[in-house]
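Okay, protein36.pdb is below, PDB, C-alpha atoms:
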ATOM      1  CA  MET T   1     149.655 -69.880  67.265
ATOM      2  CA  SER T   2     151.279 -73.303  67.082
ATOM      3  CA  GLU T   3     153.856 -73.911  64.364
ATOM      4  CA  ILE T   4     152.313 -77.343  63.716
ATOM      5  CA  GLU T   5     149.477 -77.316  61.184
ATOM      6  CA  LEU T   6     147.739 -80.587  60.362
ATOM      7  CA  THR T   7     145.278 -81.478  57.650
ATOM      8  CA  ASP T   8     142.186 -83.406  58.706
ATOM      9  CA  VAL T   9     143.701 -86.693  57.492
ATOM     10  CA  GLU T  10     146.991 -86.029  59.302
ATOM     11  CA  ALA T  11     145.094 -85.203  62.496
ATOM     12  CA  ARG T  12     143.130 -88.461  62.309
ATOM     13  CA  VAL T  13     146.257 -90.550  61.624
ATOM     14  CA  LEU T  14     148.231 -88.925  64.439
ATOM     15  CA  GLY T  15     145.336 -89.190  66.887
ATOM     16  CA  ALA T  16     144.845 -92.873  66.062
ATOM     17  CA  LEU T  17     148.542 -93.619  66.644
ATOM     18  CA  VAL T  18     148.584 -91.874  70.030
ATOM     19  CA  GLU T  19     145.344 -93.595  71.049
ATOM     20  CA  LYS T  20     146.667 -97.071  70.247
ATOM     21  CA  GLU T  21     150.005 -96.379  71.934
ATOM     22  CA  LEU T  22     148.210 -95.552  75.193
ATOM     23  CA  THR T  23     145.287 -98.014  75.070
ATOM     24  CA  THR T  24     146.694-101.107  73.304
ATOM     25  CA  PRO T  25     150.494-100.924  73.693
ATOM     26  CA  ASP T  26     150.911-104.644  72.907
ATOM     27  CA  TYR T  27     149.738-103.976  69.335
ATOM     28  CA  TYR T  28     151.723-100.783  68.822
ATOM     29  CA  PRO T  29     153.411 -99.652  66.496
ATOM     30  CA  LEU T  30     150.744-100.175  63.821
ATOM     31  CA  THR T  31     150.895-101.675  60.357
ATOM     32  CA  LEU T  32     149.294 -99.698  57.549
ATOM     33  CA  ASN T  33     146.202-101.929  57.645
ATOM     34  CA  ALA T  34     145.867-101.575  61.409
ATOM     35  CA  LEU T  35     146.312 -97.813  61.177
ATOM     36  CA  ARG T  36     143.674 -97.548  58.466
ATOM     37  CA  ALA T  37     141.253 -99.549  60.631
ATOM     38  CA  ALA T  38     142.021 -97.296  63.594
ATOM     39  CA  CYS T  39     141.302 -94.193  61.524
ATOM     40  CA  ASN T  40     138.012 -95.616  60.241
ATOM     41  CA  GLN T  41     136.620 -97.127  63.440
ATOM     42  CA  SER T  42     133.123 -95.966  64.296
ATOM     43  CA  SER T  43     133.596 -95.538  68.049
ATOM     44  CA  ASN T  44     135.361 -92.592  69.693
ATOM     45  CA  ARG T  45     135.581 -90.682  66.401
ATOM     46  CA  ASP T  46     133.856 -87.527  65.187
ATOM     47  CA  PRO T  47     133.315 -87.528  62.299
ATOM     48  CA  VAL T  48     133.364 -91.177  61.273
ATOM     49  CA  VAL T  49     135.329 -91.534  58.037
ATOM     50  CA  SER T  50     136.144 -94.205  55.482
ATOM     51  CA  TYR T  51     139.709 -93.555  54.354
ATOM     52  CA  ASP T  52     141.269 -95.777  51.725
ATOM     53  CA  GLU T  53     144.888 -96.899  51.858
ATOM     54  CA  ALA T  54     146.090 -94.064  49.615
ATOM     55  CA  THR T  55     144.498 -91.454  51.882
ATOM     56  CA  VAL T  56     146.121 -92.918  54.999
ATOM     57  CA  ASN T  57     149.459 -93.114  53.176
ATOM     58  CA  ALA T  58     149.167 -89.445  52.257
ATOM     59  CA  GLY T  59     148.522 -88.605  55.909
ATOM     60  CA  ILE T  60     151.550 -90.642  56.975
ATOM     61  CA  GLU T  61     153.810 -88.906  54.461
ATOM     62  CA  GLY T  62     152.598 -85.487  55.556
ATOM     63  CA  LEU T  63     153.318 -86.333  59.178
ATOM     64  CA  ARG T  64     156.740 -87.750  58.311
ATOM     65  CA  GLU T  65     157.619 -84.458  56.632
ATOM     66  CA  LYS T  66     156.581 -82.689  59.845
ATOM     67  CA  ARG T  67     158.666 -85.205  61.846
ATOM     68  CA  LEU T  68     155.641 -86.352  63.810
ATOM     69  CA  VAL T  69     155.530 -89.957  62.511
ATOM     70  CA  ARG T  70     158.226 -92.456  61.583
ATOM     71  CA  TRP T  71     158.200 -96.004  60.308
ATOM     72  CA  VAL T  72     159.933 -98.873  62.053
ATOM     73  CA  LYS T  73     160.937-102.301  60.832
ATOM     74  CA  GLU T  74     160.685-105.132  63.331
ATOM     75  CA  ALA T  75     162.736-108.295  62.838
ATOM     76  CA  ARG T  76     159.760-110.565  63.510
ATOM     77  CA  SER T  77     157.454-108.733  61.121
ATOM     78  CA  ARG T  78     157.482-108.529  57.333
ATOM     79  CA  SER T  79     155.405-105.346  57.297
ATOM     80  CA  SER T  80     156.593-101.859  58.078
ATOM     81  CA  LYS T  81     154.952-100.306  61.103
ATOM     82  CA  TYR T  82     154.297 -96.724  62.082
ATOM     83  CA  ARG T  83     154.651 -94.861  65.361
ATOM     84  CA  HIS T  84     154.076 -91.257  66.317
ATOM     85  CA  ASP T  85     156.983 -89.032  67.264
ATOM     86  CA  LEU T  86     155.239 -86.604  69.611
ATOM     87  CA  GLU T  87     158.189 -86.984  71.942
ATOM     88  CA  SER T  88     159.763 -84.348  69.681
ATOM     89  CA  VAL T  89     157.189 -81.845  70.992
ATOM     90  CA  PRO T  90     158.701 -80.534  74.266
ATOM     91  CA  GLY T  91     157.034 -81.508  77.508
ATOM     92  CA  LEU T  92     154.217 -83.714  76.245
ATOM     93  CA  SER T  93     153.554 -86.085  79.146
ATOM     94  CA  VAL T  94     151.141 -89.024  79.052
ATOM     95  CA  PRO T  95     148.261 -86.914  80.488
ATOM     96  CA  GLU T  96     148.951 -84.232  77.890
ATOM     97  CA  ARG T  97     149.198 -86.752  75.038
ATOM     98  CA  SER T  98     145.894 -88.250  76.185
ATOM     99  CA  VAL T  99     144.121 -84.901  75.921
ATOM    100  CA  VAL T 100     145.785 -84.105  72.587
ATOM    101  CA  ALA T 101     144.761 -87.486  71.132
ATOM    102  CA  VAL T 102     141.083 -87.062  72.013
ATOM    103  CA  LEU T 103     141.057 -83.518  70.622
ATOM    104  CA  LEU T 104     142.629 -84.840  67.405
ATOM    105  CA  LEU T 105     140.008 -87.575  67.113
ATOM    106  CA  ARG T 106     136.887 -85.669  68.152
ATOM    107  CA  GLY T 107     137.445 -81.922  67.738
ATOM    108  CA  ALA T 108     136.637 -79.244  70.314
ATOM    109  CA  GLN T 109     135.302 -80.489  73.658
ATOM    110  CA  THR T 110     134.712 -79.404  77.229
ATOM    111  CA  ALA T 111     137.013 -80.442  80.058
ATOM    112  CA  GLY T 112     134.246 -82.703  81.364
ATOM    113  CA  GLU T 113     133.934 -84.489  78.041
ATOM    114  CA  LEU T 114     137.709 -84.859  77.850
ATOM    115  CA  ARG T 115     137.862 -86.409  81.312
ATOM    116  CA  ILE T 116     135.306 -89.057  80.319
ATOM    117  CA  ARG T 117     136.874 -89.756  76.935
ATOM    118  CA  THR T 118     140.450 -90.069  78.220
ATOM    119  CA  GLU T 119     139.664 -92.725  80.854
ATOM    120  CA  ARG T 120     141.085 -95.495  78.652
ATOM    121  CA  TYR T 121     144.253 -93.463  78.093
ATOM    122  CA  HIS T 122     145.025 -92.004  81.498
ATOM    123  CA  GLU T 123     143.179 -91.791  84.817
ATOM    124  CA  PHE T 124     142.640 -88.145  85.762
ATOM    125  CA  PRO T 125     141.826 -87.849  89.487
ATOM    126  CA  GLY T 126     139.380 -84.991  88.920
ATOM    127  CA  LEU T 127     138.166 -82.289  86.568
ATOM    128  CA  GLU T 128     140.710 -79.873  88.004
ATOM    129  CA  SER T 129     143.549 -82.045  86.718
ATOM    130  CA  VAL T 130     142.118 -81.921  83.180
ATOM    131  CA  ASP T 131     141.801 -78.141  83.436
ATOM    132  CA  HIS T 132     145.414 -77.978  84.609
ATOM    133  CA  VAL T 133     146.649 -79.968  81.596
ATOM    134  CA  LEU T 134     144.639 -77.804  79.191
ATOM    135  CA  ASP T 135     146.037 -74.647  80.792
ATOM    136  CA  GLN T 136     149.583 -76.021  80.601
ATOM    137  CA  LEU T 137     149.158 -76.804  76.906
ATOM    138  CA  ALA T 138     147.752 -73.327  76.279
ATOM    139  CA  ARG T 139     150.662 -71.612  78.060
ATOM    140  CA  GLN T 140     153.501 -73.281  76.190
ATOM    141  CA  ASP T 141     155.854 -71.109  74.148
ATOM    142  CA  GLU T 142     154.022 -72.478  71.119
ATOM    143  CA  PRO T 143     150.450 -72.899  72.457
ATOM    144  CA  ILE T 144     148.783 -76.220  71.666
ATOM    145  CA  THR T 145     145.251 -75.641  73.003
ATOM    146  CA  GLU T 146     142.882 -72.691  73.059
ATOM    147  CA  LYS T 147     139.774 -72.036  75.155
ATOM    148  CA  LEU T 148     136.778 -71.156  73.001
ATOM    149  CA  PRO T 149     134.009 -68.693  73.914
ATOM    150  CA  ARG T 150     131.210 -70.377  75.817
ATOM    151  CA  ARG T 151     128.165 -71.170  73.705
ATOM    152  CA  PRO T 152     124.807 -69.695  74.777
ATOM    153  CA  GLY T 153     123.137 -72.043  77.256
ATOM    154  CA  GLN T 154     126.300 -74.096  77.884
ATOM    155  CA  LYS T 155     127.812 -74.281  81.374
ATOM    156  CA  GLU T 156     131.300 -75.297  80.244
ATOM    157  CA  ALA T 157     133.548 -73.693  77.676
ATOM    158  CA  ARG T 158     135.086 -75.947  75.050
ATOM    159  CA  TRP T 159     138.757 -76.316  74.158
ATOM    160  CA  ARG T 160     140.224 -76.794  70.705
ATOM    161  CA  LEU T 161     143.584 -77.994  69.407
ATOM    162  CA  LEU T 162     145.582 -75.322  67.607
ATOM    163  CA  TRP T 163     147.314 -77.885  65.383
ATOM    164  CA  THR T 164     144.225 -78.515  63.268
ATOM    165  CA  LEU T 165     143.087 -76.379  60.349
ATOM    166  CA  ASN T 166     139.348 -76.767  60.954
ATOM    167  CA  SER T 167     137.128 -74.320  62.820
ATOM    168  CA  GLY T 168     137.468 -76.172  66.099
ATOM    169  CA  GLU T 169     133.811 -77.173  66.185
ATOM    170  CA  THR T 170     133.062 -80.823  66.976
ATOM    171  CA  GLY T 171     131.682 -82.576  63.915
ATOM    172  CA  GLU T 172     132.693 -79.824  61.450
ATOM    173  CA  VAL T 173     136.014 -81.334  60.421
ATOM    174  CA  ALA T 174     136.143 -81.691  56.662
ATOM    175  CA  SER T 175     136.613 -85.240  55.449
ATOM    176  CA  PRO T 176     137.262 -86.840  52.056
ATOM    177  CA  VAL T 177     134.313 -89.131  52.793
ATOM    178  CA  ALA T 178     131.109 -87.856  54.339
ATOM    179  CA  ALA T 179     130.419 -88.899  57.896
ATOM    180  CA  THR T 180     127.968 -91.728  58.321
ATOM    181  CA  PRO T 181     124.551 -91.070  59.908
ATOM    182  CA  GLU T 182     125.741 -92.828  63.077
ATOM    183  CA  SER T 183     128.348 -90.101  63.598
ATOM    184  CA  ARG T 184     125.776 -87.310  63.639
ATOM    185  CA  HIS T 185     124.979 -87.702  67.293
ATOM    186  CA  VAL T 186     124.687 -84.967  69.883
ATOM    187  CA  PRO T 187     128.317 -84.246  70.886
ATOM    188  CA  ASN T 188     127.574 -84.014  74.614
ATOM    189  CA  GLU T 189     125.969 -87.461  74.738
ATOM    190  CA  PRO T 190     128.537 -90.260  75.234
ATOM    191  CA  SER T 191     128.109 -93.168  72.852
ATOM    192  CA  LEU T 192     127.426 -96.712  74.051
ATOM    193  CA  ALA T 193     131.058 -97.604  73.289
ATOM    194  CA  GLU T 194     132.249 -94.729  75.476
ATOM    195  CA  GLN T 195     129.950 -95.760  78.320
ATOM    196  CA  VAL T 196     131.270 -99.332  78.140
ATOM    197  CA  ALA T 197     134.890 -98.070  78.020
ATOM    198  CA  ARG T 198     134.227 -95.877  81.053
ATOM    199  CA  LEU T 199     132.766 -98.794  83.023
ATOM    200  CA  GLU T 200     135.688-101.043  82.061
ATOM    201  CA  ALA T 201     138.164 -98.388  83.230
ATOM    202  CA  ARG T 202     136.365 -98.063  86.558
ATOM    203  CA  VAL T 203     136.259-101.841  87.091
ATOM    204  CA  ALA T 204     139.995-102.073  86.336
ATOM    205  CA  ARG T 205     140.680 -99.272  88.815
ATOM    206  CA  LEU T 206     138.643-100.983  91.539
ATOM    207  CA  GLU T 207     140.437-104.265  90.894
ATOM    208  CA  ARG T 208     143.802-102.551  91.289
ATOM    209  CA  GLU T 209     142.669-100.916  94.542
ATOM    210  CA  LEU T 210     141.433-104.251  95.907
ATOM    211  CA  GLY T 211     144.538-106.117  94.753
ATOM    212  CA  LEU T 212     142.576-108.368  92.410
ATOM    213  CA  ASP T 213     144.538-107.637  89.229
TER     214      ASP T 213
END

Now, as a test, write the supplied structure out as structure tokens.
Amino acid sequence: MSEIELTDVEARVLGALVEKELTTPDYYPLTLNALRAACNQSSNRDPVVSYDEATVNAGIEGLREKRLVRWVKEARSRSSKYRHDLESVPGLSVPERSVVAVLLLRGAQTAGELRIRTERYHEFPGLESVDHVLDQLARQDEPITEKLPRRPGQKEARWRLLWTLNSGETGEVASPVAATPESRHVPNEPSLAEQVARLEARVARLERELGLD
């Protein structure tokens, strides 16, 4: 079992920070307001929450105590900003951080779902590469991921993050604010935002291959 144990709020805050580091580096680190907005966004989140500033602050403080988040002061900015400190976890590469972030933000998922949902973070060449990352995370001295028993009727087994205190089931993470009706979708069906993000990632990849970027 991993030594890291996160509350639901801490998991959402940490996942949001890793997501923004990898997808919008120009706007990272994040101010408190930006971090709150990232936690509460309705796309790529399960469940959708509505944290207030005090709740996000509590998550930040909990993560600071665990040495997973630190605040930085930039000369050109009057506001303090926050960045994750996952570099303190040995061996977490960009592909591994990508998988960890999506598991933090959406709960247990299959390798196929993770490949789709990490396209904005990191381009995995195939499903085998996602499986490899999940296996590597599971085999660390302090395991980070765990393969769950396959559900009846499902072709793929799901993976969960051992850092979180919830049951590992997508959509069953406890939240201070109930999830909105929009968040109660079928977990295996990608949202419109995910489909658009996937298409954008593919267009960007084609442009790079054709030398158009």

### Task
Could you tell me which residues the PyMOL selection byres ((chain T and resi 67-80) around 10) returns for this structure, as a ChimeraX atom specification?
/T:4,10,13-14,17,29-33,59-66,81-89

Can you spit out the residues from that selection as a PDB file, in the frame of the given file, using C-alpha atoms?
ATOM      1  CA  ILE T   4     152.313 -77.343  63.716  1.00  0.00           C
ATOM      2  CA  GLU T  10     146.991 -86.029  59.302  1.00  0.00           C
ATOM      3  CA  VAL T  13     146.257 -90.550  61.624  1.00  0.00           C
ATOM      4  CA  LEU T  14     148.231 -88.925  64.439  1.00  0.00           C
ATOM      5  CA  LEU T  17     148.542 -93.619  66.644  1.00  0.00           C
ATOM      6  CA  PRO T  29     153.411 -99.652  66.496  1.00  0.00           C
ATOM      7  CA  LEU T  30     150.744-100.175  63.821  1.00  0.00           C
ATOM      8  CA  THR T  31     150.895-101.675  60.357  1.00  0.00           C
ATOM      9  CA  LEU T  32     149.294 -99.698  57.549  1.00  0.00           C
ATOM     10  CA  ASN T  33     146.202-101.929  57.645  1.00  0.00           C
ATOM     11  CA  GLY T  59     148.522 -88.605  55.909  1.00  0.00           C
ATOM     12  CA  ILE T  60     151.550 -90.642  56.975  1.00  0.00           C
ATOM     13  CA  GLU T  61     153.810 -88.906  54.461  1.00  0.00           C
ATOM     14  CA  GLY T  62     152.598 -85.487  55.556  1.00  0.00           C
ATOM     15  CA  LEU T  63     153.318 -86.333  59.178  1.00  0.00           C
ATOM     16  CA  ARG T  64     156.740 -87.750  58.311  1.00  0.00           C
ATOM     17  CA  GLU T  65     157.619 -84.458  56.632  1.00  0.00           C
ATOM     18  CA  LYS T  66     156.581 -82.689  59.845  1.00  0.00           C
ATOM     19  CA  LYS T  81     154.952-100.306  61.103  1.00  0.00           C
ATOM     20  CA  TYR T  82     154.297 -96.724  62.082  1.00  0.00           C
ATOM     21  CA  ARG T  83     154.651 -94.861  65.361  1.00  0.00           C
ATOM     22  CA  HIS T  84     154.076 -91.257  66.317  1.00  0.00           C
ATOM     23  CA  ASP T  85     156.983 -89.032  67.264  1.00  0.00           C
ATOM     24  CA  LEU T  86     155.239 -86.604  69.611  1.00  0.00           C
ATOM     25  CA  GLU T  87     158.189 -86.984  71.942  1.00  0.00           C
ATOM     26  CA  SER T  88     159.763 -84.348  69.681  1.00  0.00           C
ATOM     27  CA  VAL T  89     157.189 -81.845  70.992  1.00  0.00           C
TER      28      VAL T  89
END

### Task
State, in Å with one decimal place, the distance from atom CA of T:Ala157 to atom CA of T:Ala38.
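Distance between the two atoms: 28.8 Å.
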
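Taking atom CA of T:Ala138 and atom CA of T:Glu156 as endpoints, the distance between them is 17.0 Å.
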
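For the set T:Val9, T:Tyr27, T:Glu19, T:Arg151, the residue with the smallest atom-to-atom gap to T:Ala54 is T:Val9, counting all atoms listed in the file.
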
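Going from atom CA of T:Ala37 over to atom CA of T:Gln109, you cover 23.8 Å.
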
Subset file as a PDB file, in the first residue's frame: stretch 29-152 of chain T, C-alpha atoms:
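Now in decode_25.pdb:
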ATOM      1  CA  PRO T  29       1.797  27.668 -11.500  1.00  0.00           C
ATOM      2  CA  LEU T  30      -1.789  28.567 -10.563  1.00  0.00           C
ATOM      3  CA  THR T  31      -3.226  31.297  -8.383  1.00  0.00           C
ATOM      4  CA  LEU T  32      -5.806  30.269  -5.806  1.00  0.00           C
ATOM      5  CA  ASN T  33      -8.638  31.500  -8.045  1.00  0.00           C
ATOM      6  CA  ALA T  34      -7.284  29.629 -11.057  1.00  0.00           C
ATOM      7  CA  LEU T  35      -6.827  26.475  -8.996  1.00  0.00           C
ATOM      8  CA  ARG T  36     -10.369  26.692  -7.660  1.00  0.00           C
ATOM      9  CA  ALA T  37     -11.686  27.062 -11.222  1.00  0.00           C
ATOM     10  CA  ALA T  38      -9.610  24.071 -12.312  1.00  0.00           C
ATOM     11  CA  CYS T  39     -11.029  21.956  -9.495  1.00  0.00           C
ATOM     12  CA  ASN T  40     -14.605  22.964 -10.325  1.00  0.00           C
ATOM     13  CA  GLN T  41     -14.525  22.730 -14.119  1.00  0.00           C
ATOM     14  CA  SER T  42     -17.247  20.549 -15.583  1.00  0.00           C
ATOM     15  CA  SER T  43     -15.168  18.804 -18.253  1.00  0.00           C
ATOM     16  CA  ASN T  44     -12.742  15.946 -17.591  1.00  0.00           C
ATOM     17  CA  ARG T  45     -13.899  15.590 -13.975  1.00  0.00           C
ATOM     18  CA  ASP T  46     -15.847  12.859 -12.200  1.00  0.00           C
ATOM     19  CA  PRO T  47     -17.592  13.868 -10.064  1.00  0.00           C
ATOM     20  CA  VAL T  48     -18.148  17.530 -10.872  1.00  0.00           C
ATOM     21  CA  VAL T  49     -17.807  19.574  -7.683  1.00  0.00           C
ATOM     22  CA  SER T  50     -18.300  23.143  -6.524  1.00  0.00           C
ATOM     23  CA  TYR T  51     -15.560  23.834  -3.991  1.00  0.00           C
ATOM     24  CA  ASP T  52     -15.396  27.206  -2.292  1.00  0.00           C
ATOM     25  CA  GLU T  53     -12.132  28.991  -1.564  1.00  0.00           C
ATOM     26  CA  ALA T  54     -11.911  27.627   1.987  1.00  0.00           C
ATOM     27  CA  THR T  55     -12.244  24.045   0.744  1.00  0.00           C
ATOM     28  CA  VAL T  56      -9.487  24.501  -1.841  1.00  0.00           C
ATOM     29  CA  ASN T  57      -7.290  26.165   0.786  1.00  0.00           C
ATOM     30  CA  ALA T  58      -7.799  23.193   3.087  1.00  0.00           C
ATOM     31  CA  GLY T  59      -6.752  20.862   0.272  1.00  0.00           C
ATOM     32  CA  ILE T  60      -3.650  22.957  -0.390  1.00  0.00           C
ATOM     33  CA  GLU T  61      -2.642  22.924   3.273  1.00  0.00           C
ATOM     34  CA  GLY T  62      -3.111  19.170   3.488  1.00  0.00           C
ATOM     35  CA  LEU T  63      -0.921  18.667   0.439  1.00  0.00           C
ATOM     36  CA  ARG T  64       1.718  21.062   1.769  1.00  0.00           C
ATOM     37  CA  GLU T  65       1.915  18.996   4.950  1.00  0.00           C
ATOM     38  CA  LYS T  66       2.456  15.919   2.766  1.00  0.00           C
ATOM     39  CA  ARG T  67       5.097  17.856   0.778  1.00  0.00           C
ATOM     40  CA  LEU T  68       3.187  17.404  -2.458  1.00  0.00           C
ATOM     41  CA  VAL T  69       2.370  21.096  -3.084  1.00  0.00           C
ATOM     42  CA  ARG T  70       4.285  24.310  -2.465  1.00  0.00           C
ATOM     43  CA  TRP T  71       3.557  27.962  -3.053  1.00  0.00           C
ATOM     44  CA  VAL T  72       5.756  30.232  -5.126  1.00  0.00           C
ATOM     45  CA  LYS T  73       5.983  33.995  -5.320  1.00  0.00           C
ATOM     46  CA  GLU T  74       6.728  35.475  -8.723  1.00  0.00           C
ATOM     47  CA  ALA T  75       8.224  38.959  -8.998  1.00  0.00           C
ATOM     48  CA  ARG T  76       5.747  40.025 -11.679  1.00  0.00           C
ATOM     49  CA  SER T  77       2.708  38.798  -9.769  1.00  0.00           C
ATOM     50  CA  ARG T  78       1.091  40.111  -6.599  1.00  0.00           C
ATOM     51  CA  SER T  79      -0.659  36.811  -5.896  1.00  0.00           C
ATOM     52  CA  SER T  80       0.896  33.677  -4.503  1.00  0.00           C
ATOM     53  CA  LYS T  81       0.804  30.726  -6.858  1.00  0.00           C
ATOM     54  CA  TYR T  82       0.791  27.001  -6.267  1.00  0.00           C
ATOM     55  CA  ARG T  83       2.617  24.138  -7.945  1.00  0.00           C
ATOM     56  CA  HIS T  84       2.667  20.422  -7.297  1.00  0.00           C
ATOM     57  CA  ASP T  85       5.787  18.744  -5.973  1.00  0.00           C
ATOM     58  CA  LEU T  86       5.344  15.257  -7.419  1.00  0.00           C
ATOM     59  CA  GLU T  87       8.996  15.364  -8.383  1.00  0.00           C
ATOM     60  CA  SER T  88       9.536  14.271  -4.770  1.00  0.00           C
ATOM     61  CA  VAL T  89       7.898  10.931  -5.652  1.00  0.00           C
ATOM     62  CA  PRO T  90      10.739   8.829  -7.146  1.00  0.00           C
ATOM     63  CA  GLY T  91      10.614   8.037 -10.833  1.00  0.00           C
ATOM     64  CA  LEU T  92       7.438   9.843 -11.859  1.00  0.00           C
ATOM     65  CA  SER T  93       8.007  10.660 -15.531  1.00  0.00           C
ATOM     66  CA  VAL T  94       5.674  12.753 -17.686  1.00  0.00           C
ATOM     67  CA  PRO T  95       3.799   9.644 -18.960  1.00  0.00           C
ATOM     68  CA  GLU T  96       3.399   8.437 -15.383  1.00  0.00           C
ATOM     69  CA  ARG T  97       2.272  11.857 -14.126  1.00  0.00           C
ATOM     70  CA  SER T  98      -0.260  11.974 -16.962  1.00  0.00           C
ATOM     71  CA  VAL T  99      -1.829   8.686 -15.886  1.00  0.00           C
ATOM     72  CA  VAL T 100      -1.754   9.673 -12.207  1.00  0.00           C
ATOM     73  CA  ALA T 101      -3.450  13.015 -12.945  1.00  0.00           C
ATOM     74  CA  VAL T 102      -6.354  11.440 -14.832  1.00  0.00           C
ATOM     75  CA  LEU T 103      -6.836   8.826 -12.106  1.00  0.00           C
ATOM     76  CA  LEU T 104      -6.881  11.630  -9.517  1.00  0.00           C
ATOM     77  CA  LEU T 105      -9.478  13.572 -11.496  1.00  0.00           C
ATOM     78  CA  ARG T 106     -11.752  10.744 -12.632  1.00  0.00           C
ATOM     79  CA  GLY T 107     -11.274   7.701 -10.388  1.00  0.00           C
ATOM     80  CA  ALA T 108     -10.766   4.119 -11.558  1.00  0.00           C
ATOM     81  CA  GLN T 109     -10.559   3.604 -15.327  1.00  0.00           C
ATOM     82  CA  THR T 110      -9.488   1.099 -17.946  1.00  0.00           C
ATOM     83  CA  ALA T 111      -6.230   1.445 -19.852  1.00  0.00           C
ATOM     84  CA  GLY T 112      -8.242   2.304 -22.965  1.00  0.00           C
ATOM     85  CA  GLU T 113     -10.046   5.126 -21.201  1.00  0.00           C
ATOM     86  CA  LEU T 114      -6.751   6.405 -19.812  1.00  0.00           C
ATOM     87  CA  ARG T 115      -5.170   6.461 -23.263  1.00  0.00           C
ATOM     88  CA  ILE T 116      -8.011   8.615 -24.611  1.00  0.00           C
ATOM     89  CA  ARG T 117      -8.105  10.929 -21.605  1.00  0.00           C
ATOM     90  CA  THR T 118      -4.344  11.531 -21.459  1.00  0.00           C
ATOM     91  CA  GLU T 119      -4.013  12.679 -25.090  1.00  0.00           C
ATOM     92  CA  ARG T 120      -3.812  16.339 -24.037  1.00  0.00           C
ATOM     93  CA  TYR T 121      -1.122  15.484 -21.484  1.00  0.00           C
ATOM     94  CA  HIS T 122       1.118  13.028 -23.292  1.00  0.00           C
ATOM     95  CA  GLU T 123       0.913  11.106 -26.568  1.00  0.00           C
ATOM     96  CA  PHE T 124       0.994   7.365 -25.879  1.00  0.00           C
ATOM     97  CA  PRO T 125       1.898   5.450 -29.064  1.00  0.00           C
ATOM     98  CA  GLY T 126      -0.429   2.563 -28.215  1.00  0.00           C
ATOM     99  CA  LEU T 127      -2.432   0.800 -25.535  1.00  0.00           C
ATOM    100  CA  GLU T 128       0.581  -1.324 -24.655  1.00  0.00           C
ATOM    101  CA  SER T 129       2.483   1.772 -23.546  1.00  0.00           C
ATOM    102  CA  VAL T 130      -0.341   2.719 -21.156  1.00  0.00           C
ATOM    103  CA  ASP T 131      -0.356  -0.819 -19.764  1.00  0.00           C
ATOM    104  CA  HIS T 132       3.410  -0.587 -19.298  1.00  0.00           C
ATOM    105  CA  VAL T 133       3.124   2.654 -17.303  1.00  0.00           C
ATOM    106  CA  LEU T 134       0.359   1.206 -15.119  1.00  0.00           C
ATOM    107  CA  ASP T 135       2.445  -1.908 -14.463  1.00  0.00           C
ATOM    108  CA  GLN T 136       5.492   0.211 -13.614  1.00  0.00           C
ATOM    109  CA  LEU T 137       3.467   2.261 -11.136  1.00  0.00           C
ATOM    110  CA  ALA T 138       2.075  -0.914  -9.572  1.00  0.00           C
ATOM    111  CA  ARG T 139       5.539  -2.464  -9.154  1.00  0.00           C
ATOM    112  CA  GLN T 140       7.206   0.414  -7.343  1.00  0.00           C
ATOM    113  CA  ASP T 141       8.522  -0.172  -3.828  1.00  0.00           C
ATOM    114  CA  GLU T 142       5.497   1.810  -2.678  1.00  0.00           C
ATOM    115  CA  PRO T 143       2.852   0.832  -5.280  1.00  0.00           C
ATOM    116  CA  ILE T 144       0.870   3.711  -6.767  1.00  0.00           C
ATOM    117  CA  THR T 145      -1.699   1.853  -8.899  1.00  0.00           C
ATOM    118  CA  GLU T 146      -3.681  -1.344  -8.485  1.00  0.00           C
ATOM    119  CA  LYS T 147      -5.534  -3.470 -11.040  1.00  0.00           C
ATOM    120  CA  LEU T 148      -9.129  -4.102 -10.009  1.00  0.00           C
ATOM    121  CA  PRO T 149     -11.117  -7.294 -10.659  1.00  0.00           C
ATOM    122  CA  ARG T 150     -12.875  -7.192 -14.005  1.00  0.00           C
ATOM    123  CA  ARG T 151     -16.566  -6.363 -13.786  1.00  0.00           C
ATOM    124  CA  PRO T 152     -19.056  -8.875 -15.232  1.00  0.00           C
TER     125      PRO T 152
END
